[in-house]
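Q: Okay, handing you the structure first.
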Protein chains: 2
Amino acid sequence: MSNRAVAGPEIEKLIQLLAKLPGLGPRSARRAALHLIKKKDQLLIPLARAMGVAVDSIGVCSTCGTVDTTDPCTICSDPRRDTGTIVVVEDVADLWALERAGALNCRYHVLGGTLSPLDGIGPDDLTITALLERVAAGGIREIVLAVNATVEGQTTAHYITDRLRGLDVSVTRLAHGVPVGGELDYLDEGTLAQAMKARTQF
Amino acid sequence: MSNRAVAGPEIEKLIQLLAKLPGLGPRSARRAALHLIKKKDQLLIPLARAMGVAVDSIGVCSTCGTVDTTDPCTICSDPRRDTGTIVVVEDVADLWALERAGALNCRYHVLGGTLSPLDGIGPDDLTITALLERVAAGGIREIVLAVNATVEGQTTAHYITDRLRGLDVSVTRLAHGVPVGGELDYLDEGTLAQAMKARTQF
Ligand SMILES: [Zn+2]
Ligand SMILES: [Zn+2]
């Protein structure tokens with residue numbers, strides 16, 4: 001690899017930043033940069049604009065914790081959704097995966113991770129208190145714990161179940177069908193939809 | 001796949017545009033969008049800025065045809081480069097690939113494609129006239145035809161060689177070593193460097 005500049009530092013910077021996107025390595029980042037430069041009007045300008053809008057307007061929903069350009073988010077403010085069911089997920093990516101599966105017409109709660117004592121992540125580092133407050137406010141019939149089938153995910157599910165005890169709410173989890181050790185976001189939509197339908201009492 | 005919006009149209013738009021980058025599909029584009037949103041300060045803001053700079057300042061070098069933020073480009077205005085050798089490539093990606101190989105301290109000429117009568121691409125659709133003018137202006141000892149080892153690439157090489165006949169310049173091509181049917185941008189750097197060193201008279 002030569003150390004000489006092929007183009008100005010602005011292009012090198014663009015390539016370096018693109019290489020940080022998941023799914024793109026250094027070589028594919030160069031291809032992506034060149035593609036962007038060649039498709040200036042059709043792709044580079046619209047993408048630069050979309051990113052600018054994202055910078056200015058995307059935030060975290062103060063109710064459920066997902067990311068959106070409005071607060072409350074698109075999902076929390078959708079009147080056609082069942083307000084009695086909250087699906088608890090670790091991450092926004094899991095929420096998106098469940099929505100793609102179209103499994104349930106529900107609302108969500110994004111934990112922001114899982115309990116992990118070894119990494120120093122305790123209950124206060126997740127949005128568990130906010131979840132308890134949503135349940136305590138009333139109107140919630142069911143909490144679906146749609147966490148990953150990992151040790152941390154299941155530990156977190158047990159912890160939340162304990163904290164919900166005494167509140168008048170049914171706690172369910174995804175049906176077995178989620179592979180052990182598997183992460184929701186990588187599952188096909190059919191499996192996710194089935195696991196959601198066959199969810200069991202926790 | 002559900003048709004319901006998971007988030008506002010701004011985020012959907014960002015995902016759609018990211019999915020148009022080579023190397024990213026619809027699913028990896030969602031991951032990339034989420035990664036950008038989560039790494040707002042470290043990645044989204046710098047990348048939006050780098051794209052804005054690219055929109056405002058990247059153009060085509062009027063001498064060699066590569067893309068850069070200056071005209072003449074970084075390579076054409078580098079005083080340490082041998083001005084007597086012009087390496088002719090089909091595409092900017094090939095120029096970048098040869099520079100990564102560090103094979104030659106040369107200047108370049110980007111054709112912008114290959115002759116392809118079936119696709120209606122003739123000599124006037126490429127920068128062949130500009131190449132002849134560079135040679136006619138004097139000071140060029142050697143033209144290296146670093147085109148792809150495809151039928152179109154070789155047809156283009158023969159055409160350029162014919163047009164250069166009578167001008168006082170040596171015309172060479174990359175050594176065999178480039179796989180038949182192969183494209184430069186996919187080759188490893190060692191192969192490219194060797195092919196460049198062992199280039200032969202055309
Ligand atoms: Zn929300
Ligand atoms: Zn140039």
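If you're wondering about the labels, chains in the structure tokens are A, B, ... by order shown, residues count from 1 in each chain, ligands from 1 in order shown.
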Neighbouring residues of segment 117-133 of chain A were defined as those with any atom within 12 Å, considering only C-alpha atoms; residues of the same chain fewer than 5 positions away were excluded. Please report them as a PyMOL selection string.

A: chain A and resi 61-66+86-91+107-112+138-140+143-145+151-152+155-157+159-169

Q: Check which residues of chain B sit at most 8 Å from chain A using only C-alpha atoms, and return one row each with the closest pair of atoms and their distance in Å to one decimal, ordered by chain and rising number, as CSV.

A:
residue,atom,partner,partner_atom,distance
B:Met1,CA,A:Arg100,CA,4.8
B:Ser2,CA,A:Gly102,CA,5.0
B:Arg4,CA,A:Glu99,CA,7.8
B:Ala5,CA,A:Thr74,CA,7.3
B:Val6,CA,A:Trp96,CA,6.4
B:Ala7,CA,A:Thr74,CA,5.4
B:Gly8,CA,A:Thr69,CA,6.0
B:Glu10,CA,A:Ala50,CA,6.8
B:Ile11,CA,A:Ala54,CA,7.1
B:Lys13,CA,A:Ala50,CA,6.9
B:Leu14,CA,A:Ala50,CA,5.5
B:Leu17,CA,A:Leu47,CA,6.1
B:Leu18,CA,A:Leu47,CA,7.5
B:Lys20,CA,A:Leu43,CA,7.9
B:Leu21,CA,A:Ala32,CA,5.7
B:Pro22,CA,A:Ala32,CA,5.7
B:Gly23,CA,A:Ser28,CA,6.4
B:Leu24,CA,A:Gly23,CA,6.6
B:Ser28,CA,A:Gly23,CA,6.4
B:Arg31,CA,A:Pro22,CA,7.0
B:Ala32,CA,A:Leu21,CA,5.7
B:Leu34,CA,A:Ala93,CA,7.3
B:His35,CA,A:Leu21,CA,7.2
B:Leu36,CA,A:Leu21,CA,7.7
B:Ile37,CA,A:Ala54,CA,7.5
B:Lys40,CA,A:Val55,CA,7.0
B:Leu43,CA,A:Leu17,CA,6.9
B:Leu44,CA,A:Met51,CA,6.9
B:Ile45,CA,A:Val55,CA,6.4
B:Pro46,CA,A:Leu17,CA,7.7
B:Leu47,CA,A:Leu17,CA,6.1
B:Ala48,CA,A:Ala48,CA,5.4
B:Arg49,CA,A:Ala48,CA,7.8
B:Ala50,CA,A:Leu14,CA,5.5
B:Met51,CA,A:Ala48,CA,5.4
B:Gly52,CA,A:Ala48,CA,6.0
B:Val53,CA,A:Glu10,CA,7.1
B:Ala54,CA,A:Glu10,CA,7.0
B:Val55,CA,A:Ile45,CA,6.4
B:Ile58,CA,A:Ile37,CA,7.5
B:Val67,CA,A:Ala7,CA,7.4
B:Asp68,CA,A:Ala7,CA,5.4
B:Thr69,CA,A:Gly8,CA,5.9
B:Thr70,CA,A:Gly8,CA,7.3
B:Cys73,CA,A:Ala7,CA,7.0
B:Thr74,CA,A:Ala7,CA,5.4
B:Ile75,CA,A:Val6,CA,6.6
B:Val92,CA,A:Leu34,CA,7.9
B:Ala93,CA,A:Leu34,CA,7.3
B:Trp96,CA,A:Val6,CA,6.4
B:Glu99,CA,A:Ser2,CA,6.5
B:Arg100,CA,A:Met1,CA,4.8
B:Ala101,CA,A:Met1,CA,5.8
B:Gly102,CA,A:Ser2,CA,5.0
B:Glu189,CA,A:Met1,CA,7.5

Q: In terms of the shortest atom-to-atom distance over only C-alpha atoms and all ligand atoms, which of B:Thr114, B:Thr83, B:Gln194, B:Ser170 is closest to ligand 2?

A: B:Thr83

Q: Hey, which of B:Asn148, B:Leu104, B:Val171, B:Leu115 ends up closest to Met196 of chain B? Count only C-alpha atoms.

A: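 For Met196 of chain B, the nearest of the given residues is B:Leu104.
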
Q: Name the residues of segment 2-148 of chain A that fall into helix (DSSP H, G or I) according to DSSP on the backbone, using the chain letters and numbers of this document, as a PyMOL selection string.

A: chain A and resi 9-18+26-38+40-57+92-101+117-119+123-125+128-136

Q: Store the residues picked out above, limited to C-alpha atoms, as a PDB file, in the first residue's frame.

A:
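Written out: out.pdb:
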ATOM      1  CA  PRO A   9      -7.590  14.828   2.011  1.00  0.00           C
ATOM      2  CA  GLU A  10     -11.347  15.474   1.708  1.00  0.00           C
ATOM      3  CA  ILE A  11     -11.819  12.312  -0.370  1.00  0.00           C
ATOM      4  CA  GLU A  12      -9.517  10.271   1.892  1.00  0.00           C
ATOM      5  CA  LYS A  13     -11.572  11.465   4.874  1.00  0.00           C
ATOM      6  CA  LEU A  14     -14.819  10.421   3.161  1.00  0.00           C
ATOM      7  CA  ILE A  15     -13.375   6.946   2.464  1.00  0.00           C
ATOM      8  CA  GLN A  16     -12.112   6.585   6.050  1.00  0.00           C
ATOM      9  CA  LEU A  17     -15.511   7.452   7.502  1.00  0.00           C
ATOM     10  CA  LEU A  18     -17.421   5.184   5.107  1.00  0.00           C
ATOM     11  CA  PRO A  26     -11.570  -0.286   3.414  1.00  0.00           C
ATOM     12  CA  ARG A  27     -11.889  -1.557  -0.169  1.00  0.00           C
ATOM     13  CA  SER A  28     -15.677  -1.428  -0.346  1.00  0.00           C
ATOM     14  CA  ALA A  29     -15.534   2.033   1.269  1.00  0.00           C
ATOM     15  CA  ARG A  30     -13.429   3.239  -1.673  1.00  0.00           C
ATOM     16  CA  ARG A  31     -15.956   1.762  -4.101  1.00  0.00           C
ATOM     17  CA  ALA A  32     -18.782   3.394  -2.150  1.00  0.00           C
ATOM     18  CA  ALA A  33     -16.995   6.770  -2.165  1.00  0.00           C
ATOM     19  CA  LEU A  34     -16.409   6.586  -5.910  1.00  0.00           C
ATOM     20  CA  HIS A  35     -20.009   5.531  -6.476  1.00  0.00           C
ATOM     21  CA  LEU A  36     -21.194   8.509  -4.410  1.00  0.00           C
ATOM     22  CA  ILE A  37     -18.951  10.921  -6.324  1.00  0.00           C
ATOM     23  CA  LYS A  38     -20.102   9.594  -9.699  1.00  0.00           C
ATOM     24  CA  LYS A  40     -23.520  13.120  -7.224  1.00  0.00           C
ATOM     25  CA  ASP A  41     -27.056  14.286  -8.049  1.00  0.00           C
ATOM     26  CA  GLN A  42     -28.847  10.965  -7.569  1.00  0.00           C
ATOM     27  CA  LEU A  43     -27.059   9.755  -4.432  1.00  0.00           C
ATOM     28  CA  LEU A  44     -24.364  11.951  -2.861  1.00  0.00           C
ATOM     29  CA  ILE A  45     -26.468  15.110  -2.561  1.00  0.00           C
ATOM     30  CA  PRO A  46     -29.629  13.305  -1.292  1.00  0.00           C
ATOM     31  CA  LEU A  47     -27.598  11.227   1.180  1.00  0.00           C
ATOM     32  CA  ALA A  48     -25.700  14.244   2.487  1.00  0.00           C
ATOM     33  CA  ARG A  49     -29.059  15.975   2.927  1.00  0.00           C
ATOM     34  CA  ALA A  50     -30.661  12.944   4.647  1.00  0.00           C
ATOM     35  CA  MET A  51     -27.716  12.773   7.046  1.00  0.00           C
ATOM     36  CA  GLY A  52     -28.003  16.472   7.763  1.00  0.00           C
ATOM     37  CA  VAL A  53     -31.696  16.000   8.572  1.00  0.00           C
ATOM     38  CA  ALA A  54     -30.795  13.042  10.788  1.00  0.00           C
ATOM     39  CA  VAL A  55     -28.194  15.115  12.634  1.00  0.00           C
ATOM     40  CA  ASP A  56     -30.692  17.907  13.226  1.00  0.00           C
ATOM     41  CA  SER A  57     -33.823  15.981  14.031  1.00  0.00           C
ATOM     42  CA  VAL A  92     -33.726  -0.461  18.471  1.00  0.00           C
ATOM     43  CA  ALA A  93     -32.467  -2.999  15.897  1.00  0.00           C
ATOM     44  CA  ASP A  94     -34.630  -5.656  17.598  1.00  0.00           C
ATOM     45  CA  LEU A  95     -37.663  -3.358  17.509  1.00  0.00           C
ATOM     46  CA  TRP A  96     -37.115  -2.856  13.770  1.00  0.00           C
ATOM     47  CA  ALA A  97     -36.726  -6.613  13.261  1.00  0.00           C
ATOM     48  CA  LEU A  98     -40.021  -7.352  15.071  1.00  0.00           C
ATOM     49  CA  GLU A  99     -41.806  -4.655  13.084  1.00  0.00           C
ATOM     50  CA  ARG A 100     -40.524  -6.178   9.840  1.00  0.00           C
ATOM     51  CA  ALA A 101     -41.963  -9.495  11.026  1.00  0.00           C
ATOM     52  CA  PRO A 117     -22.328  -7.374  35.959  1.00  0.00           C
ATOM     53  CA  LEU A 118     -18.978  -8.242  34.356  1.00  0.00           C
ATOM     54  CA  ASP A 119     -19.266  -5.172  32.112  1.00  0.00           C
ATOM     55  CA  PRO A 123     -30.411  -1.913  36.280  1.00  0.00           C
ATOM     56  CA  ASP A 124     -29.803   1.846  36.406  1.00  0.00           C
ATOM     57  CA  ASP A 125     -27.909   1.703  33.115  1.00  0.00           C
ATOM     58  CA  ILE A 128     -36.066  -0.517  33.561  1.00  0.00           C
ATOM     59  CA  THR A 129     -37.375   2.163  35.955  1.00  0.00           C
ATOM     60  CA  ALA A 130     -39.085   3.917  33.050  1.00  0.00           C
ATOM     61  CA  LEU A 131     -40.716   0.611  32.095  1.00  0.00           C
ATOM     62  CA  LEU A 132     -42.029   0.113  35.646  1.00  0.00           C
ATOM     63  CA  GLU A 133     -43.416   3.657  35.569  1.00  0.00           C
ATOM     64  CA  ARG A 134     -45.219   2.975  32.283  1.00  0.00           C
ATOM     65  CA  VAL A 135     -46.821  -0.136  33.817  1.00  0.00           C
ATOM     66  CA  ALA A 136     -47.667   1.645  37.091  1.00  0.00           C
TER      67      ALA A 136
END

Q: Between atom CA of Ala195 of chain A and atom CA of Ser77 of chain A, what is the spacing in Å?

A: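 About the pair atom CA of Ser77 of chain A and atom CA of Ala195 of chain A: they are 26.0 Å apart.
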
Q: Using DSSP on the backbone coordinates, identify all residues within segment 135-175 of chain B classified as strand (DSSP E or B); present the result as a list of chain:residue names.

A: B:Glu142, B:Ile143, B:Val144, B:Leu145, B:Ser170, B:Val171, B:Thr172, B:Arg173

Q: Please produce a file of those selected residues containing N, CA and C atoms, as a compact mmCIF listing (two decimals), in the first residue's frame.

A:
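As written to disk, part.txt reads:
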# COMPACT_ATOMS: atom_id res chain seq x y z
N GLU B 142 6.35 7.73 -22.69
CA GLU B 142 5.71 6.41 -22.65
C GLU B 142 4.24 6.50 -22.25
N ILE B 143 3.43 5.74 -22.98
CA ILE B 143 2.02 5.58 -22.63
C ILE B 143 1.83 4.12 -22.22
N VAL B 144 1.42 3.91 -20.96
CA VAL B 144 1.14 2.55 -20.49
C VAL B 144 -0.37 2.32 -20.56
N LEU B 145 -0.79 1.35 -21.39
CA LEU B 145 -2.22 1.08 -21.52
C LEU B 145 -2.65 0.09 -20.44
N SER B 170 6.51 5.80 -26.81
CA SER B 170 6.50 4.34 -26.67
C SER B 170 5.18 3.91 -26.04
N VAL B 171 4.56 2.90 -26.62
CA VAL B 171 3.28 2.43 -26.08
C VAL B 171 3.47 1.04 -25.47
N THR B 172 3.20 0.91 -24.20
CA THR B 172 3.36 -0.38 -23.53
C THR B 172 2.03 -0.81 -22.93
N ARG B 173 1.96 -2.06 -22.54
CA ARG B 173 0.77 -2.50 -21.83
C ARG B 173 1.20 -3.26 -20.59

Q: Find, counting only C-alpha atoms and all ligand atoms, the residue in A:Cys76, A:Leu187, A:Val60, A:Ala137 that gets nearest to ligand 1.

A: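 Ranking A:Cys76, A:Leu187, A:Val60, A:Ala137 by distance to ligand 1, first place goes to A:Cys76.
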